[in-house]
Every structure is written in C-alpha cells, then in structure tokens.
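run18.tsv (TSV, C-alpha atoms)
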chain	number	residue	atom	x	y	z
A	1008	MET	CA	-5.11	4.43	53.65
A	1009	ALA	CA	-2.57	2.74	51.42
A	1010	GLN	CA	-2.22	4.22	47.96
A	1011	ILE	CA	-3.07	1.72	45.27
A	1012	SER	CA	-1.19	1.65	41.99
A	1013	ASP	CA	-2.70	2.70	38.67
A	1014	VAL	CA	-2.61	-0.94	37.50
A	1015	GLU	CA	-4.63	-2.08	40.53
A	1016	MET	CA	-7.03	0.82	40.20
A	1017	ALA	CA	-7.58	0.09	36.49
A	1018	ASP	CA	-8.10	-3.58	37.35
A	1019	ARG	CA	-10.74	-2.75	39.97
A	1020	LEU	CA	-12.53	-0.31	37.69
A	1021	SER	CA	-12.48	-2.76	34.78
A	1022	ARG	CA	-14.01	-5.44	37.00
A	1023	ARG	CA	-16.67	-3.03	38.20
A	1024	ARG	CA	-17.39	-1.99	34.62
A	1025	SER	CA	-17.77	-5.61	33.51
A	1026	ARG	CA	-20.31	-6.15	36.32
A	1027	VAL	CA	-22.30	-2.95	35.82
A	1028	ILE	CA	-22.56	-2.96	32.01
A	1029	PRO	CA	-24.66	-6.16	31.74
A	1030	LEU	CA	-27.06	-4.79	34.35
A	1031	LEU	CA	-27.43	-1.53	32.44
A	1032	ALA	CA	-27.95	-3.43	29.19
A	1033	LEU	CA	-30.60	-5.71	30.70
A	1034	LEU	CA	-32.38	-2.75	32.29
A	1035	PHE	CA	-32.33	-0.97	28.95
A	1036	ILE	CA	-33.72	-3.97	27.08
A	1037	SER	CA	-36.38	-4.69	29.71
A	1038	GLY	CA	-37.41	-1.01	29.50
A	1039	GLN	CA	-38.99	-2.00	26.17
A	1040	ALA	CA	-41.89	-3.58	28.01
A	1041	MET	CA	-42.55	-0.30	29.82
A	1042	TYR	CA	-42.41	1.66	26.57
A	1043	PHE	CA	-44.74	-0.61	24.65
A	1044	GLY	CA	-46.95	-1.12	27.69
A	1045	ASN	CA	-47.88	2.57	27.58
A	1046	VAL	CA	-49.26	3.39	24.16
A	1047	VAL	CA	-48.47	6.97	23.19
A	1048	ALA	CA	-51.79	8.71	22.50
A	1049	GLU	CA	-52.16	11.19	19.63
A	1050	PRO	CA	-51.84	14.12	20.08
A	1051	MET	CA	-48.84	13.38	22.28
A	1052	ARG	CA	-49.14	14.44	25.93
A	1053	ASN	CA	-46.26	16.20	27.69
A	1054	VAL	CA	-45.65	13.17	29.86
A	1055	ASP	CA	-45.16	10.98	26.77
A	1056	ALA	CA	-42.74	13.50	25.24
A	1057	VAL	CA	-40.69	13.45	28.46
A	1058	ARG	CA	-40.73	9.65	28.56
A	1059	ILE	CA	-39.57	9.36	24.95
A	1060	GLY	CA	-36.95	12.08	25.49
A	1061	ALA	CA	-35.66	10.35	28.62
A	1062	TRP	CA	-35.33	7.07	26.74
A	1063	LEU	CA	-33.32	8.81	24.00
A	1064	VAL	CA	-30.99	10.40	26.59
A	1065	TRP	CA	-30.55	6.95	28.16
A	1066	ALA	CA	-29.74	5.41	24.77
A	1067	LEU	CA	-27.20	8.17	24.03
A	1068	ALA	CA	-25.59	7.75	27.47
A	1069	LEU	CA	-25.17	4.02	26.85
A	1070	LEU	CA	-23.72	4.71	23.40
A	1071	LEU	CA	-21.25	7.10	25.03
A	1072	LEU	CA	-20.33	4.42	27.55
A	1073	LEU	CA	-19.82	1.96	24.69
A	1074	ALA	CA	-17.72	4.43	22.72
A	1075	THR	CA	-15.48	5.57	25.59
A	1076	GLY	CA	-15.55	2.65	28.03
A	1077	GLY	CA	-16.37	5.05	30.86
A	1078	GLY	CA	-13.88	6.20	33.48
A	1079	LEU	CA	-13.94	9.71	32.03
A	1080	PHE	CA	-13.27	11.30	35.40
A	1081	ARG	CA	-10.24	9.15	36.18
A	1082	SER	CA	-6.63	10.15	35.68
A	1083	LYS	CA	-5.13	9.89	32.21
A	1084	SER	CA	-2.88	6.96	33.16
A	1085	VAL	CA	-5.74	4.94	34.71
A	1086	ARG	CA	-7.91	5.64	31.68
A	1087	ALA	CA	-5.10	4.51	29.38
A	1088	LEU	CA	-4.79	1.24	31.32
A	1089	MET	CA	-8.56	0.72	31.20
A	1090	GLU	CA	-8.44	1.31	27.45
A	1091	ASP	CA	-5.56	-0.93	26.52
A	1092	ASP	CA	-5.29	-3.28	23.53
A	1093	VAL	CA	-7.52	-6.00	24.98
A	1094	THR	CA	-10.36	-3.63	25.88
A	1095	VAL	CA	-10.19	-1.90	22.49
A	1096	GLU	CA	-10.40	-5.29	20.76
A	1097	ASN	CA	-13.27	-6.44	23.02
A	1098	ARG	CA	-15.16	-3.22	22.35
A	1099	ARG	CA	-14.59	-3.57	18.60
A	1100	ARG	CA	-16.06	-7.08	18.73
A	1101	GLY	CA	-18.95	-5.89	20.90
A	1102	ILE	CA	-19.80	-3.07	18.50
A	1103	ALA	CA	-19.62	-5.43	15.50
A	1104	PHE	CA	-22.00	-7.81	17.31
A	1105	GLY	CA	-24.35	-4.91	18.09
A	1106	PHE	CA	-24.27	-3.81	14.46
A	1107	TRP	CA	-25.27	-7.24	13.17
A	1108	THR	CA	-27.97	-7.55	15.83
A	1109	ALA	CA	-29.38	-4.17	14.76
A	1110	MET	CA	-29.31	-5.24	11.09
A	1111	LEU	CA	-31.05	-8.55	11.80
A	1112	THR	CA	-33.65	-6.76	13.95
A	1113	ALA	CA	-34.32	-4.35	11.08
A	1114	VAL	CA	-34.61	-7.26	8.64
A	1115	ALA	CA	-37.09	-8.99	10.98
A	1116	LEU	CA	-39.13	-5.81	11.40
A	1117	TYR	CA	-39.47	-5.27	7.65
A	1118	PRO	CA	-41.93	-8.14	6.96
A	1119	LEU	CA	-43.51	-7.59	10.38
A	1120	SER	CA	-44.45	-4.05	9.36
A	1121	MET	CA	-46.64	-5.53	6.60
A	1122	VAL	CA	-48.87	-7.30	9.10
A	1123	GLU	CA	-48.46	-5.09	12.16
A	1124	ASP	CA	-48.98	-1.35	12.33
A	1125	LEU	CA	-45.52	-0.11	13.28
A	1126	SER	CA	-44.58	3.56	13.47
A	1127	ALA	CA	-41.12	4.80	12.48
A	1128	ARG	CA	-40.48	5.77	16.10
A	1129	GLU	CA	-41.35	2.28	17.35
A	1130	ALA	CA	-39.13	0.64	14.73
A	1131	ILE	CA	-36.18	2.93	15.60
A	1132	HIS	CA	-36.81	2.24	19.28
A	1133	ILE	CA	-36.65	-1.53	18.80
A	1134	ILE	CA	-33.59	-1.47	16.51
A	1135	LEU	CA	-31.63	0.86	18.81
A	1136	THR	CA	-32.56	-1.12	21.91
A	1137	PHE	CA	-31.43	-4.46	20.51
A	1138	GLY	CA	-28.34	-3.00	18.81
A	1139	ILE	CA	-27.07	-1.14	21.87
A	1140	GLY	CA	-28.11	-3.88	24.30
A	1141	ALA	CA	-26.39	-6.63	22.30
A	1142	ALA	CA	-23.19	-4.60	21.87
A	1143	LEU	CA	-22.98	-3.87	25.59
A	1144	LEU	CA	-23.69	-7.45	26.60
A	1145	ARG	CA	-21.11	-8.85	24.19
A	1146	PHE	CA	-18.50	-6.32	25.35
A	1147	ALA	CA	-19.18	-7.18	29.00
A	1148	VAL	CA	-18.97	-10.94	28.39
A	1149	LEU	CA	-15.60	-10.56	26.61
A	1150	GLU	CA	-14.30	-8.30	29.36
A	1151	ARG	CA	-15.34	-10.72	32.09
A	1152	ARG	CA	-13.67	-13.55	30.21
A	1153	ALA	CA	-10.48	-11.51	29.88
A	1154	LEU	CA	-10.52	-10.62	33.58
A	1155	ARG	CA	-10.95	-14.20	34.68
A	1156	ASP	CA	-7.83	-15.36	36.49
A	1157	GLY	CA	-6.05	-18.22	34.94
B	682	MET	CA	-2.88	-26.73	9.73
B	683	ALA	CA	-3.37	-23.25	11.18
B	684	GLU	CA	-0.49	-21.77	13.11
B	685	GLY	CA	-1.10	-19.81	16.29
B	686	LEU	CA	1.08	-17.80	18.62
B	687	GLY	CA	2.44	-19.75	21.55
B	688	ASN	CA	4.21	-18.19	24.50
B	689	ARG	CA	6.33	-18.97	27.53
B	690	LEU	CA	5.26	-15.87	29.37
B	691	LEU	CA	4.15	-17.61	32.56
B	692	GLU	CA	7.44	-19.46	32.77
B	693	HIS	CA	9.58	-16.34	32.28
B	694	ARG	CA	7.40	-14.20	34.53
B	695	THR	CA	7.51	-16.60	37.47
B	696	GLU	CA	11.23	-17.13	36.89
B	697	ARG	CA	11.67	-13.39	37.48
B	698	GLY	CA	9.41	-13.57	40.55
B	699	LEU	CA	6.87	-11.18	39.06
B	700	THR	CA	3.12	-11.20	39.55
B	701	GLN	CA	0.87	-10.39	36.60
B	702	ALA	CA	0.22	-6.96	38.13
B	703	ALA	CA	3.94	-6.29	38.60
B	704	LEU	CA	4.73	-7.21	35.01
B	705	ALA	CA	1.76	-5.13	33.84
B	706	ALA	CA	3.18	-2.11	35.68
B	707	LEU	CA	6.62	-2.66	34.10
B	708	VAL	CA	5.14	-2.92	30.61
B	709	GLY	CA	2.57	-0.14	31.13
B	710	VAL	CA	-0.54	-2.20	30.42
B	711	SER	CA	-3.35	-3.61	32.57
B	712	ARG	CA	-3.11	-6.90	34.44
B	713	LYS	CA	-5.94	-8.11	32.19
B	714	THR	CA	-3.71	-7.74	29.15
B	715	ILE	CA	-0.90	-9.80	30.70
B	716	ASN	CA	-3.47	-12.39	31.80
B	717	THR	CA	-5.01	-12.74	28.33
B	718	VAL	CA	-1.65	-12.85	26.56
B	719	GLU	CA	-0.38	-15.45	29.02
B	720	ASN	CA	-3.46	-17.62	28.47
B	721	GLY	CA	-3.32	-17.28	24.69
B	722	VAL	CA	-6.72	-15.53	24.62
B	723	PHE	CA	-5.23	-12.36	23.13
B	724	VAL	CA	-2.56	-12.17	20.43
B	725	PRO	CA	-0.35	-9.21	21.34
B	726	SER	CA	0.71	-6.59	18.83
B	727	THR	CA	4.38	-6.54	17.81
B	728	LEU	CA	4.87	-3.47	19.98
B	729	LEU	CA	3.37	-5.14	23.04
B	730	ALA	CA	5.34	-8.36	22.49
B	731	LEU	CA	8.58	-6.33	22.29
B	732	LYS	CA	7.69	-4.37	25.42
B	733	ILE	CA	7.00	-7.59	27.34
B	734	ALA	CA	10.30	-9.08	26.14
B	735	ARG	CA	12.17	-5.94	27.20
B	736	ALA	CA	10.51	-5.95	30.63
B	737	LEU	CA	11.52	-9.58	31.12
B	738	GLY	CA	15.02	-8.99	29.74
B	739	ARG	CA	14.66	-11.74	27.14
B	740	PRO	CA	14.70	-11.85	23.33
B	741	VAL	CA	11.16	-11.76	22.01
B	742	GLU	CA	11.52	-15.12	20.21
B	743	GLU	CA	12.30	-16.80	23.53
B	744	ILE	CA	8.90	-15.75	24.85
B	745	PHE	CA	6.74	-15.93	21.73
B	746	PHE	CA	6.84	-18.62	19.04
B	747	LEU	CA	4.75	-20.10	16.27
B	748	ASP	CA	2.59	-22.89	17.58
B	749	GLY	CA	1.13	-25.70	15.52

Whole structure, structure tokens version:
Amino acid sequence: MAQISDVEMADRLSRRRSRVIPLLALLFISGQAMYFGNVVAEPMRNVDAVRIGAWLVWALALLLLLATGGGLFRSKSVRALMEDDVTVENRRRGIAFGFWTAMLTAVALYPLSMVEDLSAREAIHIILTFGIGAALLRFAVLERRALRDG
Amino acid sequence: MAEGLGNRLLEHRTERGLTQAALAALVGVSRKTINTVENGVFVPSTLLALKIARALGRPVEEIFFLDG
C-alpha cells in the first residue's frame, strides 16, 4: 500500500473529525431527553448513579476532545498539522461560543427555577450539555468551512 | 473604510506548479491552512506569511498586501 504523507493524513483525519464531532454533539444534546425522561428517584438507585456517572464521563470525554482536538494516538508531526493555526483559531471561536451559550442557558434557568422545581444537578446537567454541545458544533462548522475546497 | 489582507497566493502557487498539499508540505502546515489563507478566510500570522513567501521564493509583500 502506498505510504501517504503527513499532510494528506492530517487532511483525512481533519475531515473525519469535522464529520464525527457534530454527530457526537447531537447525540450528547439529544441524550438530554433520555436523562429527563427517567426521573431519578430518592433515595438514588445504583442504576441511576451509574447513568449519571456515565453521563459525566461522556461530558468529560467531549471536553477532552474539544481541548485537544483528538488524534492523541497519531504521530507528533500529524498531530502538529491537525493542530495548526487555523484549527487553534477555530477551536478558540468554538469554545467562546460554547461559553456564551452556557452563560445564556444559566441566565434562562435562573428565572425558570422560580417557577419550576430544578435541582442543582439538573441545572448543571443542562448548562454543561448546551455549553459543550454548542462549542463542539461551532468548532465543527468552522472546520468544515475551512476544509471546503475553493 | 476597513483594510483587509489581500493575497496573490493562488497565482504564485500555480505559477510554481504546486498543489495546495505540496505547498502545505513545504511550509509545514496543513492543506486546510493554505486553502483558508488563499481564500482570504484566515489571516496568517507574520511567521506563517514569511514561511509561505520563503517556500514560494518571493518577497512577502509580493504575495500579501493591504486590501481596501
């Protein structure tokens, strides 16, 4: 099989990343329905603790993906190409967008908590979901735009 | 009126018979970076602009200029 250059490899991986990230973000956001569809009974059952723990691990994994851009098991040169100036700038803009989405979600939840019984865990869950989801989606959109041939 | 950064990267690249990927390899960046700089989507850093100019064997001001 012909050896492909680091530039081509980075290009392929960047394209794959820009396709996978929106799917992960949408899955993460749609997972909200599953979480709120199953009310956690008090005292908490083991199954609920596992479900909440799994969601937190998922959220942390997505944050890691957002922070590093993935490709952790690739060679140093391919990783450097995947993390060049454009990607760093796109990620910075994605994270800023996620931050403002999280802030606006928190602002919207504040008055809502006066009329709706909302636990701290539920509020954190909603804010994290929208913050991380928005940051990933924005990053992916910018990456796709940058990868578009022209 | 706001000034932007214009470039003649496409012109100089094709003149040298280089693809975006080939120029990217010479500069040490991804093809995506060359693509976005060429299309004016991304404003390159001074370092990147100088590296591109060196790879193309041209003075930087021949490739990049103030636009508008």

Check which residues of chain A sit at most 12 Å from chain B using all atoms listed in the file, and return one row each with the closest pair of atoms and their distance in Å to one decimal, ordered by chain and rising number, as a tab-separated table.
residue	atom	partner	partner_atom	distance
A:Ile1011	CA	B:Ala702	CA	11.7
A:Ser1012	CA	B:Ala706	CA	8.5
A:Asp1013	CA	B:Ala706	CA	8.2
A:Val1014	CA	B:Ser711	CA	5.7
A:Glu1015	CA	B:Ala702	CA	7.3
A:Met1016	CA	B:Ser711	CA	9.6
A:Ala1017	CA	B:Ser711	CA	6.9
A:Asp1018	CA	B:Arg712	CA	6.7
A:Arg1019	CA	B:Arg712	CA	10.3
A:Leu1020	CA	B:Ser711	CA	11.0
A:Ser1021	CA	B:Lys713	CA	8.8
A:Arg1022	CA	B:Lys713	CA	9.8
A:Ser1084	CA	B:Gly709	CA	9.2
A:Val1085	CA	B:Ser711	CA	9.1
A:Arg1086	CA	B:Ser711	CA	10.4
A:Ala1087	CA	B:Val710	CA	8.2
A:Leu1088	CA	B:Ser711	CA	5.2
A:Met1089	CA	B:Ser711	CA	6.9
A:Glu1090	CA	B:Ser711	CA	8.7
A:Asp1091	CA	B:Val710	CA	6.5
A:Asp1092	CA	B:Thr714	CA	7.3
A:Val1093	CA	B:Thr714	CA	5.9
A:Thr1094	CA	B:Thr714	CA	8.5
A:Val1095	CA	B:Thr714	CA	11.0
A:Glu1096	CA	B:Phe723	CA	9.1
A:Asn1097	CA	B:Phe723	CA	10.0
A:Leu1149	CA	B:Val722	CA	10.4
A:Glu1150	CA	B:Lys713	CA	8.8
A:Arg1151	CA	B:Lys713	CA	9.8
A:Arg1152	CA	B:Thr717	CA	8.9
A:Ala1153	CA	B:Thr717	CA	5.8
A:Leu1154	CA	B:Lys713	CA	5.4
A:Arg1155	CA	B:Asn716	CA	8.2
A:Asp1156	CA	B:Asn716	CA	7.1
A:Gly1157	CA	B:Asn720	CA	7.0

With distances taken over all atoms listed in the file, the candidate from B:Gly721, B:Leu728, B:Arg694, B:Ala734 nearest Leu747 (chain B) is B:Gly721

Could you tell me, as a ChimeraX atom specification, which residues have any atom at most 10 Å from (-19.0, -3.1, 33.7), counting all atoms listed in the file? /A:1020-1031,1072,1076-1077,1143-1144,1146-1148,1150-1151

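Taking CA of Thr695 (chain B) as the reference point, CA of Gly749 (chain B) is found at 24.6 Å.
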
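Atom pair CA of Ala1109 (chain A) / CA of Ala1056 (chain A): separated by 24.5 Å.
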
List every protein, DNA or RNA residue with an atom no more than 8 Å from (7.8, -16.5, 22.9) in the file's coordinates, counting only C-alpha atoms, and format the result as number ranges by chain. B: 687-690, 741-746

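Going from CA of Met1041 (chain A) over to CA of Asp1055 (chain A), you cover 12.0 Å.
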
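Counting all atoms listed in the file and comparing A:Leu1033, A:Ile1133, A:Leu1116, A:Leu1111, the residue that lies closest to Leu1069 (chain A) is A:Leu1033.
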
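Using only C-alpha atoms, the nearest neighbour of Val708 (chain B) within the list B:Glu696, B:Leu691, B:Thr727, B:Ile733 is B:Ile733.
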
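For Ile1139 (chain A), the non-local neighbours within 7 Å, defined as residues at least 3 positions apart in the same chain or in other chains and counting all atoms listed in the file, are Leu1070, Gly1105, Leu1135, Thr1136, Ala1142 and Leu1143 of chain A.
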
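Nearest to Phe1137 (chain A) of all the residues A:Ser1037, A:Ser1082, A:Thr1075, A:Thr1108 is A:Thr1108, counting all atoms listed in the file.
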
Would you please take region 687-710 of chain B of the structure in the block above and write N, CA and C atoms to a file as a PDB file, in the first residue's frame?
ATOM      1  N   GLY B 687      -5.074  41.223   1.506  1.00  0.00           N
ATOM      2  CA  GLY B 687      -5.258  40.545   0.222  1.00  0.00           C
ATOM      3  C   GLY B 687      -4.055  39.668  -0.065  1.00  0.00           C
ATOM      4  N   ASN B 688      -4.211  38.735  -0.986  1.00  0.00           N
ATOM      5  CA  ASN B 688      -3.036  37.907  -1.330  1.00  0.00           C
ATOM      6  C   ASN B 688      -3.087  37.425  -2.778  1.00  0.00           C
ATOM      7  N   ARG B 689      -1.911  37.129  -3.264  1.00  0.00           N
ATOM      8  CA  ARG B 689      -1.788  36.554  -4.620  1.00  0.00           C
ATOM      9  C   ARG B 689      -1.216  35.143  -4.510  1.00  0.00           C
ATOM     10  N   LEU B 690      -1.665  34.458  -3.495  1.00  0.00           N
ATOM     11  CA  LEU B 690      -1.110  33.129  -3.219  1.00  0.00           C
ATOM     12  C   LEU B 690      -1.436  32.135  -4.329  1.00  0.00           C
ATOM     13  N   LEU B 691      -2.675  32.128  -4.757  1.00  0.00           N
ATOM     14  CA  LEU B 691      -3.099  31.186  -5.814  1.00  0.00           C
ATOM     15  C   LEU B 691      -2.241  31.367  -7.068  1.00  0.00           C
ATOM     16  N   GLU B 692      -2.089  32.642  -7.426  1.00  0.00           N
ATOM     17  CA  GLU B 692      -1.312  32.988  -8.624  1.00  0.00           C
ATOM     18  C   GLU B 692       0.141  32.471  -8.514  1.00  0.00           C
ATOM     19  N   HIS B 693       0.779  32.762  -7.394  1.00  0.00           N
ATOM     20  CA  HIS B 693       2.181  32.354  -7.220  1.00  0.00           C
ATOM     21  C   HIS B 693       2.312  30.841  -7.062  1.00  0.00           C
ATOM     22  N   ARG B 694       1.338  30.234  -6.421  1.00  0.00           N
ATOM     23  CA  ARG B 694       1.393  28.782  -6.211  1.00  0.00           C
ATOM     24  C   ARG B 694       1.273  28.044  -7.542  1.00  0.00           C
ATOM     25  N   THR B 695       0.288  28.447  -8.342  1.00  0.00           N
ATOM     26  CA  THR B 695       0.087  27.762  -9.627  1.00  0.00           C
ATOM     27  C   THR B 695       1.250  28.045 -10.591  1.00  0.00           C
ATOM     28  N   GLU B 696       1.811  29.248 -10.465  1.00  0.00           N
ATOM     29  CA  GLU B 696       2.974  29.612 -11.277  1.00  0.00           C
ATOM     30  C   GLU B 696       4.140  28.652 -11.003  1.00  0.00           C
ATOM     31  N   ARG B 697       4.245  28.234  -9.745  1.00  0.00           N
ATOM     32  CA  ARG B 697       5.314  27.293  -9.361  1.00  0.00           C
ATOM     33  C   ARG B 697       4.900  25.843  -9.601  1.00  0.00           C
ATOM     34  N   GLY B 698       3.691  25.631 -10.077  1.00  0.00           N
ATOM     35  CA  GLY B 698       3.186  24.277 -10.342  1.00  0.00           C
ATOM     36  C   GLY B 698       2.968  23.453  -9.085  1.00  0.00           C
ATOM     37  N   LEU B 699       2.580  24.139  -8.006  1.00  0.00           N
ATOM     38  CA  LEU B 699       2.371  23.434  -6.736  1.00  0.00           C
ATOM     39  C   LEU B 699       0.886  23.262  -6.432  1.00  0.00           C
ATOM     40  N   THR B 700       0.546  22.117  -5.892  1.00  0.00           N
ATOM     41  CA  THR B 700      -0.827  21.940  -5.381  1.00  0.00           C
ATOM     42  C   THR B 700      -0.854  22.527  -3.972  1.00  0.00           C
ATOM     43  N   GLN B 701      -2.075  22.666  -3.434  1.00  0.00           N
ATOM     44  CA  GLN B 701      -2.180  23.173  -2.055  1.00  0.00           C
ATOM     45  C   GLN B 701      -1.453  22.247  -1.090  1.00  0.00           C
ATOM     46  N   ALA B 702      -1.608  20.933  -1.323  1.00  0.00           N
ATOM     47  CA  ALA B 702      -0.963  19.951  -0.438  1.00  0.00           C
ATOM     48  C   ALA B 702       0.560  20.031  -0.535  1.00  0.00           C
ATOM     49  N   ALA B 703       1.066  20.247  -1.755  1.00  0.00           N
ATOM     50  CA  ALA B 703       2.525  20.330  -1.934  1.00  0.00           C
ATOM     51  C   ALA B 703       3.081  21.566  -1.234  1.00  0.00           C
ATOM     52  N   LEU B 704       2.386  22.684  -1.391  1.00  0.00           N
ATOM     53  CA  LEU B 704       2.844  23.900  -0.713  1.00  0.00           C
ATOM     54  C   LEU B 704       2.748  23.731   0.807  1.00  0.00           C
ATOM     55  N   ALA B 705       1.667  23.085   1.243  1.00  0.00           N
ATOM     56  CA  ALA B 705       1.488  22.841   2.690  1.00  0.00           C
ATOM     57  C   ALA B 705       2.670  22.045   3.239  1.00  0.00           C
ATOM     58  N   ALA B 706       3.099  21.029   2.488  1.00  0.00           N
ATOM     59  CA  ALA B 706       4.224  20.197   2.929  1.00  0.00           C
ATOM     60  C   ALA B 706       5.514  21.023   2.984  1.00  0.00           C
ATOM     61  N   LEU B 707       5.697  21.924   2.013  1.00  0.00           N
ATOM     62  CA  LEU B 707       6.902  22.774   2.002  1.00  0.00           C
ATOM     63  C   LEU B 707       6.926  23.738   3.197  1.00  0.00           C
ATOM     64  N   VAL B 708       5.734  24.248   3.522  1.00  0.00           N
ATOM     65  CA  VAL B 708       5.645  25.235   4.606  1.00  0.00           C
ATOM     66  C   VAL B 708       5.604  24.547   5.976  1.00  0.00           C
ATOM     67  N   GLY B 709       5.071  23.313   5.994  1.00  0.00           N
ATOM     68  CA  GLY B 709       4.942  22.587   7.262  1.00  0.00           C
ATOM     69  C   GLY B 709       3.636  22.875   7.963  1.00  0.00           C
ATOM     70  N   VAL B 710       2.583  23.121   7.151  1.00  0.00           N
ATOM     71  CA  VAL B 710       1.239  23.311   7.719  1.00  0.00           C
ATOM     72  C   VAL B 710       0.279  22.355   7.003  1.00  0.00           C
TER      73      VAL B 710
END
